[in-house]
Amino acid sequence: MSKKRKVNIFLLVFGVVNLAWGVMTILSPTACWHGYCWDQSAYNIPLGIGISLLGLVMLLLSCRKGQRDYKKVFICPHCETALPLAEARDGMCPRCGTPMEPLEGFYERHPELKKQA
Ligand SMILES: [Zn+2]
């Protein structure tokens, strides 16, 4: 069982794009692109702020997902009790008091503990 930490690239990229787009909408409400011109000067401020806020929210969400790691599991090398980090007080095993280690890569560091099939 391997759980990979994922930074939400989708939200990060779209957050940056929306933020830039919103700022551009505020700064230059009239623009031409490949012969197609538009004029948003009547509503560029609320529109730009709205798009920027959307981008900001996406950025915040992407960062939060990257930082929070609810699934980080620790395991005791002595009795092999596995726990989420939040439940292992001070990183100690609640059953035998041994300092716990991250489950990720645990059996690579302790190949002798690997269960034989
Ligand atoms: Zn233990």
# chains A, B, ... in the order shown; residues from 1 in each chain; ligands from 1

call {"tool": "residues_around", "arguments": {"residues": "Ala42 in chain A", "least_positions_apart": "2", "cutoff": "12 Å", "atoms": "only C-alpha atoms", "output": "PyMOL selection string"}}
result
chain A and resi 25-26+28-30+38-40+44-48

call {"tool": "closest_atom_pairs", "arguments": {"of": "chain A", "to": "ligand 1", "cutoff": "12 Å", "atoms": "only C-alpha atoms and all ligand atoms", "output": "CSV"}}
result
residue,atom,partner,partner_atom_place_in_ligand_line,distance
A:Phe74,CA,ligand 1,1 (Zn),10.6
A:Ile75,CA,ligand 1,1 (Zn),7.9
A:Cys76,CA,ligand 1,1 (Zn),4.6
A:Pro77,CA,ligand 1,1 (Zn),6.7
A:His78,CA,ligand 1,1 (Zn),5.0
A:Cys79,CA,ligand 1,1 (Zn),4.2
A:Glu80,CA,ligand 1,1 (Zn),6.0
A:Thr81,CA,ligand 1,1 (Zn),5.6
A:Ala82,CA,ligand 1,1 (Zn),8.6
A:Leu83,CA,ligand 1,1 (Zn),10.2
A:Ala88,CA,ligand 1,1 (Zn),10.3
A:Gly91,CA,ligand 1,1 (Zn),10.8
A:Met92,CA,ligand 1,1 (Zn),7.9
A:Cys93,CA,ligand 1,1 (Zn),4.7
A:Pro94,CA,ligand 1,1 (Zn),6.7
A:Arg95,CA,ligand 1,1 (Zn),5.1
A:Cys96,CA,ligand 1,1 (Zn),4.3
A:Gly97,CA,ligand 1,1 (Zn),6.1
A:Thr98,CA,ligand 1,1 (Zn),5.4
A:Pro99,CA,ligand 1,1 (Zn),7.9
A:Met100,CA,ligand 1,1 (Zn),7.5
A:Glu101,CA,ligand 1,1 (Zn),10.5

call {"tool": "write_last_selection", "arguments": {"atoms": "N, CA and C atoms", "output": "CSV table (one decimal), in the first residue's frame"}}
result
chain,number,residue,atom,x,y,z
A,74,PHE,N,2.5,6.6,10.6
A,74,PHE,CA,3.7,6.2,11.3
A,74,PHE,C,3.5,4.8,11.8
A,75,ILE,N,4.7,4.1,11.9
A,75,ILE,CA,4.6,2.7,12.3
A,75,ILE,C,5.7,2.5,13.4
A,76,CYS,N,5.4,1.7,14.3
A,76,CYS,CA,6.3,1.3,15.4
A,76,CYS,C,7.2,0.2,15.0
A,77,PRO,N,8.5,0.4,15.0
A,77,PRO,CA,9.4,-0.7,14.6
A,77,PRO,C,9.5,-1.8,15.5
A,78,HIS,N,9.0,-1.7,16.7
A,78,HIS,CA,9.0,-2.7,17.7
A,78,HIS,C,7.8,-3.7,17.6
A,79,CYS,N,6.6,-3.1,17.7
A,79,CYS,CA,5.4,-3.9,17.6
A,79,CYS,C,4.6,-3.8,16.4
A,80,GLU,N,5.1,-2.9,15.4
A,80,GLU,CA,4.5,-2.7,14.1
A,80,GLU,C,3.1,-2.2,14.2
A,81,THR,N,2.8,-1.4,15.2
A,81,THR,CA,1.5,-0.7,15.3
A,81,THR,C,1.6,0.5,14.3
A,82,ALA,N,0.6,0.6,13.5
A,82,ALA,CA,0.6,1.7,12.5
A,82,ALA,C,-0.5,2.7,12.9
A,83,LEU,N,-0.1,4.0,12.9
A,83,LEU,CA,-1.1,5.0,13.4
A,83,LEU,C,-0.9,6.2,12.5
A,88,ALA,N,-0.2,9.4,17.3
A,88,ALA,CA,1.0,9.0,18.0
A,88,ALA,C,1.6,10.2,18.8
A,91,GLY,N,5.3,11.3,18.8
A,91,GLY,CA,6.0,10.3,17.9
A,91,GLY,C,6.3,9.0,18.6
A,92,MET,N,5.7,8.8,19.8
A,92,MET,CA,6.0,7.5,20.5
A,92,MET,C,4.8,6.5,20.3
A,93,CYS,N,5.2,5.3,20.3
A,93,CYS,CA,4.2,4.2,20.1
A,93,CYS,C,3.3,4.2,21.4
A,94,PRO,N,2.0,4.3,21.3
A,94,PRO,CA,1.2,4.2,22.5
A,94,PRO,C,1.2,2.9,23.2
A,95,ARG,N,1.6,1.9,22.5
A,95,ARG,CA,1.6,0.5,23.1
A,95,ARG,C,2.9,0.2,23.8
A,96,CYS,N,4.0,0.5,23.2
A,96,CYS,CA,5.3,0.1,23.9
A,96,CYS,C,6.2,1.3,24.0
A,97,GLY,N,5.9,2.5,23.6
A,97,GLY,CA,6.7,3.7,23.9
A,97,GLY,C,7.9,3.8,23.0
A,98,THR,N,8.0,3.0,22.0
A,98,THR,CA,9.1,3.1,21.1
A,98,THR,C,8.9,4.3,20.1
A,99,PRO,N,10.0,5.0,19.8
A,99,PRO,CA,9.8,6.1,18.8
A,99,PRO,C,9.3,5.5,17.5
A,100,MET,N,8.3,6.2,16.9
A,100,MET,CA,7.7,5.6,15.7
A,100,MET,C,8.4,6.2,14.4
A,101,GLU,N,8.3,5.5,13.3
A,101,GLU,CA,8.9,5.9,12.1
A,101,GLU,C,7.8,6.1,11.0

call {"tool": "select_by_dssp", "arguments": {"residues": "range 12-80 of chain A", "states": "helix (DSSP H, G or I)", "output": "PyMOL selection string"}}
result
chain A and resi 12-27+44-67

call {"tool": "select_by_dssp", "arguments": {"residues": "range 2-114 of chain A", "states": "strand (DSSP E)", "output": "list in words"}}
result
Thr30, Ala31, Cys32, Trp33, Tyr36, Cys37, Trp38, Asp39, Val73, Phe74, Ile75, Ala82, Leu83, Pro84, Glu101 and Pro102 of chain A

call {"tool": "atom_distance", "arguments": {"atom1": "CA of Ile49 in chain A", "atom2": "CA of Leu19 in chain A"}}
result
8.9 Å

call {"tool": "closest_residue", "arguments": {"among": "A:Leu61, A:Ala86, A:Leu113, A:Ile51", "to": "Met24 in chain A", "atoms": "only C-alpha atoms"}}
result
A:Ile51

call {"tool": "closest_residue", "arguments": {"among": "A:His34, A:Gly55, A:Tyr107, A:Pro102", "to": "Val17 in chain A", "atoms": "only C-alpha atoms"}}
result
A:Gly55

call {"tool": "atom_distance", "arguments": {"atom1": "CA of Phe14 in chain A", "atom2": "CA of Ser52 in chain A"}}
result
10.9 Å

call {"tool": "atom_distance", "arguments": {"atom1": "CA of Gly22 in chain A", "atom2": "CA of Leu60 in chain A"}}
result
16.2 Å

call {"tool": "residues_around", "arguments": {"residues": "Leu59 in chain A", "least_positions_apart": "2", "cutoff": "8 Å", "atoms": "only C-alpha atoms", "output": "list in words"}}
result
Leu11, Leu12, Phe14, Gly15, Val16, Gly55, Leu56, Val57, Leu61, Ser62 and Cys63 of chain A
